[in-house]
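structure.txt follows (compact mmCIF, C-alpha atoms):
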```
# COMPACT_ATOMS: atom_id res chain seq x y z
CA LEU A 175 30.99 6.68 14.82
CA ASN A 176 28.14 4.22 14.37
CA CYS A 177 30.13 1.52 12.57
CA ASN A 178 32.58 -1.20 13.55
CA LEU A 179 36.25 -1.43 12.57
CA ASP A 180 35.72 -3.59 9.47
CA GLU A 181 32.93 -1.31 8.22
CA PHE A 182 35.12 1.76 8.70
CA TYR A 183 37.92 0.16 6.71
CA GLN A 184 35.65 -1.00 3.88
CA ASN A 185 33.82 2.33 3.52
CA PHE A 186 36.57 4.88 4.20
CA LEU A 187 40.07 3.38 3.91
CA CYS A 188 40.25 0.49 1.43
CA ASP A 189 41.15 0.96 -2.25
CA LYS A 190 37.50 1.02 -3.41
CA ALA A 191 36.09 2.90 -0.42
CA PRO A 192 33.06 5.05 -1.41
CA VAL A 193 34.12 7.91 0.89
CA SER A 194 37.92 7.73 0.65
CA LEU A 195 40.45 10.47 1.31
CA ALA A 196 41.11 10.75 -2.42
CA SER A 197 37.41 11.29 -3.14
CA HIS A 198 37.38 14.05 -0.51
CA HIS A 199 40.24 15.79 -2.33
CA ILE A 200 38.20 15.69 -5.54
CA ASN A 201 35.09 17.04 -3.80
CA ASP A 202 37.24 19.74 -2.23
CA GLY A 203 38.22 21.04 -5.68
CA ASP A 204 41.66 19.48 -6.12
CA LEU A 205 42.77 18.38 -9.60
CA LYS A 206 44.62 15.36 -11.02
CA VAL A 207 43.95 13.32 -7.86
CA ILE A 208 45.66 9.92 -8.12
CA SER A 209 45.74 7.34 -5.36
CA THR A 210 47.86 4.21 -5.55
CA LYS A 211 46.61 0.94 -4.09
CA TRP A 212 47.59 -0.16 -0.60
CA VAL A 213 50.63 -2.45 -0.83
CA GLY A 214 52.57 -4.34 1.81
CA LYS A 215 52.02 -6.94 4.48
CA LYS A 216 48.69 -7.84 6.02
CA ARG A 217 49.12 -5.62 9.05
CA THR A 218 51.22 -2.81 7.51
CA LYS A 219 50.44 -1.23 4.13
CA LYS A 220 51.50 1.92 2.28
CA ARG A 221 50.17 4.11 -0.52
CA GLN A 222 50.55 7.60 -2.06
CA ILE A 223 48.00 10.23 -3.03
CA THR A 224 49.08 12.97 -5.43
CA TYR A 225 47.01 15.99 -6.42
CA ASP A 226 47.15 19.57 -7.71
CA HIS A 227 45.45 22.26 -5.65
CA PRO A 228 44.26 25.35 -7.60
CA ILE A 229 45.76 28.63 -6.41
CA VAL A 230 43.66 31.78 -6.63
CA ILE A 231 46.10 34.54 -5.64
CA PRO A 232 46.41 37.97 -7.36
CA LEU A 233 50.19 37.69 -7.80
CA SER A 234 51.99 37.27 -11.13
CA MET A 235 54.55 34.95 -9.53
CA ALA A 236 51.90 32.53 -8.27
CA PRO A 237 51.68 29.20 -10.14
CA PRO A 238 48.19 28.13 -11.33
CA ALA A 239 48.28 25.10 -9.03
CA GLY A 240 50.45 23.57 -6.33
CA ALA A 241 51.33 19.88 -6.59
CA ALA A 242 51.32 17.88 -3.36
CA THR A 243 52.02 14.31 -2.29
CA LYS A 244 50.56 12.39 0.66
CA SER A 245 52.58 9.34 1.73
CA GLN A 246 50.49 7.08 3.98
CA THR A 247 51.30 4.08 6.17
CA MET A 248 48.40 2.05 7.62
CA ARG A 249 48.80 -0.42 10.48
CA ARG A 250 46.01 -2.65 11.75
CA TYR A 251 46.04 -4.14 15.23
CA GLY A 252 43.56 -7.00 14.94
CA ASP A 253 40.08 -6.00 16.05
CA HIS A 254 41.47 -3.34 18.40
CA GLY A 255 42.15 -0.51 15.97
CA ILE A 256 43.82 1.03 12.91
CA CYS A 257 46.56 3.67 12.73
CA VAL A 258 47.17 5.73 9.55
CA ASP A 259 50.26 7.97 9.46
CA THR A 260 50.43 10.61 6.69
CA GLU A 261 53.16 12.95 5.46
CA THR A 262 52.04 15.79 3.15
CA TRP A 263 54.73 17.42 0.98
CA ILE A 264 54.27 20.39 -1.38
CA ASN A 265 56.45 19.68 -4.39
CA ASP A 266 56.80 22.56 -6.86
CA VAL A 267 56.33 25.78 -4.85
CA PRO A 268 59.40 27.91 -3.92
CA MET A 269 60.49 27.62 -0.27
CA ALA A 270 58.05 24.75 0.36
CA ASP A 271 60.90 22.33 1.00
CA CYS A 272 61.52 23.65 4.52
CA PHE A 273 58.74 21.57 6.13
CA TYR A 274 56.06 18.92 5.72
CA VAL A 275 52.82 18.23 7.55
CA ALA A 276 52.55 14.99 9.56
CA ASP A 277 49.22 13.69 10.81
CA ARG A 278 47.99 10.49 12.46
CA LEU A 279 44.50 8.99 12.34
CA LEU A 280 43.67 6.51 15.11
CA VAL A 281 40.55 4.35 14.74
CA ALA A 282 39.82 2.55 18.03
CA SER A 283 37.17 -0.13 18.51
CA HIS A 284 34.60 0.56 21.22
CA SER A 285 32.86 -1.96 23.44
CA ASP A 286 29.43 -1.04 22.02
CA GLY A 287 30.45 -1.96 18.47
CA SER A 288 31.26 1.57 17.33
CA VAL A 289 34.64 3.20 16.68
CA MET A 290 36.26 6.32 18.10
CA LEU A 291 38.48 8.52 15.93
CA THR A 292 41.47 10.57 17.09
CA ILE A 293 43.48 12.85 14.78
CA GLN A 294 46.90 14.26 15.71
CA PHE A 295 49.02 16.51 13.49
CA GLY A 296 52.00 18.85 13.43
CA ASN A 297 54.62 20.47 11.19
CA VAL A 298 58.06 18.92 10.78
CA PHE A 299 60.65 21.56 9.83
CA ILE A 300 63.76 20.28 8.05
CA LYS A 301 65.18 23.74 7.25
CA ARG A 302 65.18 27.09 9.01
CA THR A 303 62.56 29.66 8.03
CA LEU A 304 61.66 33.10 9.36
CA LEU A 305 57.95 32.31 9.14
CA LYS A 306 57.98 29.16 11.28
CA ARG A 307 55.50 30.55 13.81
CA VAL A 308 53.16 31.77 11.06
CA ILE A 309 53.18 28.36 9.37
CA GLU A 310 52.55 26.59 12.68
CA SER A 311 49.61 28.77 13.69
CA THR A 312 48.03 28.62 10.23
CA SER A 313 48.34 24.84 10.00
CA VAL A 314 46.25 24.37 13.15
CA ARG A 315 43.28 25.94 11.41
CA ASP A 316 43.88 24.48 7.96
CA VAL A 317 44.56 20.87 8.90
CA THR A 318 41.52 20.93 11.17
CA ALA A 319 39.39 22.28 8.31
CA PHE A 320 40.50 19.62 5.84
CA GLN A 321 40.17 16.69 8.25
CA ASN A 322 36.82 17.92 9.55
CA GLY A 323 35.56 18.13 5.98
CA TRP A 324 36.37 14.45 5.53
CA MET A 325 34.79 13.61 8.89
CA ASP A 326 31.63 15.46 7.81
CA ALA A 327 31.47 13.35 4.64
CA ILE A 328 31.99 10.16 6.68
CA GLN A 329 29.25 11.09 9.14
CA GLN A 330 26.84 11.99 6.35
CA TYR A 331 27.49 8.64 4.66
CA LEU A 332 26.83 6.77 7.89
CA ASP A 333 23.66 8.76 8.54
CA ASN A 334 22.35 7.92 5.06
CA ASP A 335 23.22 4.22 5.29
CA SER A 336 20.88 2.72 7.88
CA SER A 337 22.44 -0.74 7.49
CA LEU A 338 25.55 0.48 9.29
CA ARG A 339 23.71 1.95 12.28
CA PRO A 340 23.06 -0.11 15.41
CA THR A 341 19.60 -0.42 16.96
CA ALA A 342 18.48 2.94 18.30
CA SER A 343 18.45 3.41 22.06
CA SER A 344 17.61 6.23 24.42
CA PRO A 345 20.45 8.78 24.49
CA SER A 346 22.36 9.02 27.73
CA PRO A 347 23.42 12.39 29.23
CA ILE A 348 26.88 11.78 27.78
CA ASP A 349 25.37 11.32 24.29
CA LYS A 350 23.45 14.59 24.64
CA ASP A 351 26.63 16.43 25.62
CA ARG A 352 28.38 14.87 22.66
CA GLU A 353 25.63 16.12 20.32
CA VAL A 354 26.10 19.66 21.65
CA GLU A 355 29.88 19.42 21.15
CA GLU A 356 29.42 18.12 17.60
CA GLY A 357 27.06 21.02 16.86
CA ASP A 358 29.68 23.49 18.07
CA MET A 359 32.34 21.77 15.99
CA THR A 360 30.14 22.02 12.88
CA GLU A 361 29.85 25.79 13.34
CA THR A 362 33.61 26.04 13.81
CA ARG A 363 34.27 24.06 10.65
CA LYS A 364 32.37 26.62 8.57
CA LEU A 365 34.96 29.25 9.56
CA SER A 366 37.99 27.15 8.56
CA THR A 367 39.88 27.32 5.23
CA ASN A 368 41.58 24.72 3.07
CA ILE A 369 45.03 23.51 4.17
CA THR A 370 46.83 23.63 0.84
CA SER A 371 45.55 27.04 -0.23
CA SER A 372 46.57 28.80 2.98
CA VAL A 373 49.99 27.14 3.13
CA LEU A 374 50.66 28.22 -0.45
CA TRP A 375 49.64 31.77 0.48
CA ILE A 376 52.30 31.74 3.20
CA LEU A 377 54.99 30.32 0.91
CA LEU A 378 54.33 32.91 -1.78
CA LEU A 379 54.41 35.64 0.87
CA CYS A 380 57.81 34.30 1.98
CA LEU A 381 59.01 34.48 -1.62
CA LEU A 382 57.78 38.06 -1.99
CA ILE A 383 59.42 39.17 1.28
CA SER A 384 62.70 37.51 0.26
CA HIS A 385 62.57 39.27 -3.11
CA VAL A 386 62.03 42.69 -1.49
CA TYR A 387 64.81 42.01 1.02
CA LEU A 388 67.28 41.04 -1.71
CA VAL A 389 66.44 44.16 -3.72
CA TYR A 390 67.02 46.29 -0.62
CA GLN A 391 70.33 44.59 0.11
CA LEU A 392 71.46 45.05 -3.49
CA GLN A 393 70.58 48.75 -3.39
CA SER A 394 72.44 49.20 -0.09
CA THR A 395 75.48 47.41 -1.48
CA ASN A 396 75.54 49.63 -4.57
CA GLU A 397 75.35 52.76 -2.41
CA HIS A 398 78.17 51.47 -0.22
CA LEU A 399 80.36 50.74 -3.25
CA ALA A 400 79.64 54.20 -4.63
CA ARG A 401 80.83 55.79 -1.36
CA ILE A 402 84.00 53.67 -1.42
CA GLU A 403 84.71 54.71 -5.01
CA SER A 404 84.20 58.37 -4.08
CA LEU A 405 86.57 58.11 -1.13
CA LEU A 406 89.22 56.37 -3.24
CA GLY A 407 88.85 59.00 -5.93
CA ASP A 408 89.33 61.84 -3.42
CA LYS A 409 92.37 60.10 -1.94
CA LEU A 410 93.99 59.55 -5.35
CA SER A 411 93.38 63.19 -6.25
CA SER A 412 95.01 64.42 -3.04
CA ASP A 413 98.02 62.14 -3.58
CA ILE A 414 98.53 63.51 -7.07
```

Kindly return the structure encoded in the file as structure tokens.
Amino acid sequence: LNCNLDEFYQNFLCDKAPVSLASHHINDGDLKVISTKWVGKKRTKKRQITYDHPIVIPLSMAPPAGAATKSQTMRRYGDHGICVDTETWINDVPMADCFYVADRLLVASHSDGSVMLTIQFGNVFIKRTLLKRVIESTSVRDVTAFQNGWMDAIQQYLDNDSSLRPTASSPSPIDKDREVEEGDMTETRKLSTNITSSVLWILLLCLLISHVYLVYQLQSTNEHLARIESLLGDKLSSDI
């Protein structure tokens, strides 16, 4: 990105950042978005972001919105870089307590005065679930979509603010390849969906499957008890 480490912090990470993660949640359609201030030591700070994500699912059991909490820890390593670790928990949806999403944003200073961003993420399962593979595969698409949406907003802000851009120079072959890759990524982002919505779809599907399974088990148990009662009745009649 065409900004240095201090500019990235001031514009995208600090409490009053114009293009913060909380503002991206609002622009993405989330409700009741509340972000606490960064607190802690100079090099290590923490905050929480809470929000409600609207759920548009044609199921009577679906809640109108799913509440979620992001717990973030930010570490700064001088002028070398910034690391932001995030845990995303879904609070009030059935069966959502079996996992949380962990992601890490690395902001590394570059020798030319710019910064390079790296995002890593994964699911942390704390309970067993039959849909582990489904959740894992879906999260790859959804986390990428949400983070790329924020990266798009950051890039647009930098493009519109000429004061943050260094003096223009002739693009090198590497820069041209990077432009092609960014164009491909933009097309891919259009096909992605929102993280919270898709995860809630999966959780509600889990709930529906569990409900059907329990009904089936109950019916099978009743039939088994009926057969036992019939056998006992026949045996008592023969003994008499």

Residues within 10 Å of region 194-210 of chain A, only C-alpha atoms, excluding chain neighbours under 5 positions, as JSON, numbers by chain: {"A": [183, 184, 185, 186, 187, 188, 189, 220, 221, 222, 223, 224, 225, 226, 227, 228, 239, 240, 241, 242, 243, 244, 320, 321, 323, 324, 325, 327, 328, 368, 370]}

Store the residues of this selection in a file with C-alpha atoms, as a short mmCIF file (atom, residue, chain, number, x, y, z; two decimals), keeping the file's coordinate frame.
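Result written to again_5.cif:
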```cif
data_model
loop_
_atom_site.label_atom_id
_atom_site.label_comp_id
_atom_site.auth_asym_id
_atom_site.auth_seq_id
_atom_site.Cartn_x
_atom_site.Cartn_y
_atom_site.Cartn_z
CA TYR A 183 37.92 0.16 6.71
CA GLN A 184 35.65 -1.00 3.88
CA ASN A 185 33.82 2.33 3.52
CA PHE A 186 36.57 4.88 4.20
CA LEU A 187 40.07 3.38 3.91
CA CYS A 188 40.25 0.49 1.43
CA ASP A 189 41.15 0.96 -2.25
CA LYS A 220 51.50 1.92 2.28
CA ARG A 221 50.17 4.11 -0.52
CA GLN A 222 50.55 7.60 -2.06
CA ILE A 223 48.00 10.23 -3.03
CA THR A 224 49.08 12.97 -5.43
CA TYR A 225 47.01 15.99 -6.42
CA ASP A 226 47.15 19.57 -7.71
CA HIS A 227 45.45 22.26 -5.65
CA PRO A 228 44.26 25.35 -7.60
CA ALA A 239 48.28 25.10 -9.03
CA GLY A 240 50.45 23.57 -6.33
CA ALA A 241 51.33 19.88 -6.59
CA ALA A 242 51.32 17.88 -3.36
CA THR A 243 52.02 14.31 -2.29
CA LYS A 244 50.56 12.39 0.66
CA PHE A 320 40.50 19.62 5.84
CA GLN A 321 40.17 16.69 8.25
CA GLY A 323 35.56 18.13 5.98
CA TRP A 324 36.37 14.45 5.53
CA MET A 325 34.79 13.61 8.89
CA ALA A 327 31.47 13.35 4.64
CA ILE A 328 31.99 10.16 6.68
CA ASN A 368 41.58 24.72 3.07
CA THR A 370 46.83 23.63 0.84
#
```

Can you work out the spacing between CA of Asp335 (chain A) and CA of Gly287 (chain A) in Å, to one decimal?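 Answer for the CA of Asp335 (chain A) to CA of Gly287 (chain A) separation: 16.3 Å.
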
Region 247-263 of chain A environment, 8 Å, all atoms listed in the file, sequence neighbours closer than 5 positions dropped, as a VMD selection string: chain A and resid 179 217 to 221 242 271 273 to 283

Write the residues you've just listed into a file as a JSON list (two decimals), keeping the file's coordinate frame, and include C-alpha atoms for each of them.
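Done, and the output landed in again_19.json:
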```
[["chain", "number", "residue", "atom", "x", "y", "z"],
["A", 179, "LEU", "CA", 36.25, -1.43, 12.57],
["A", 217, "ARG", "CA", 49.12, -5.62, 9.05],
["A", 218, "THR", "CA", 51.22, -2.81, 7.51],
["A", 219, "LYS", "CA", 50.44, -1.23, 4.13],
["A", 220, "LYS", "CA", 51.50, 1.92, 2.28],
["A", 221, "ARG", "CA", 50.17, 4.11, -0.52],
["A", 242, "ALA", "CA", 51.32, 17.88, -3.36],
["A", 271, "ASP", "CA", 60.90, 22.33, 1.00],
["A", 273, "PHE", "CA", 58.74, 21.57, 6.13],
["A", 274, "TYR", "CA", 56.06, 18.92, 5.72],
["A", 275, "VAL", "CA", 52.82, 18.23, 7.55],
["A", 276, "ALA", "CA", 52.55, 14.99, 9.56],
["A", 277, "ASP", "CA", 49.22, 13.69, 10.81],
["A", 278, "ARG", "CA", 47.99, 10.49, 12.46],
["A", 279, "LEU", "CA", 44.50, 8.99, 12.34],
["A", 280, "LEU", "CA", 43.67, 6.51, 15.11],
["A", 281, "VAL", "CA", 40.55, 4.35, 14.74],
["A", 282, "ALA", "CA", 39.82, 2.55, 18.03],
["A", 283, "SER", "CA", 37.17, -0.13, 18.51]]
```

Would you work out the distance separating CA of Asp316 (chain A) from CA of Ile300 (chain A), expressed in Å to one decimal?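 Straight-line distance from CA of Asp316 (chain A) to CA of Ile300 (chain A) works out to 20.3 Å.
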
Using Å and a single decimal, report how far CA of Phe182 (chain A) sits from CA of Ser313 (chain A). 26.6 Å
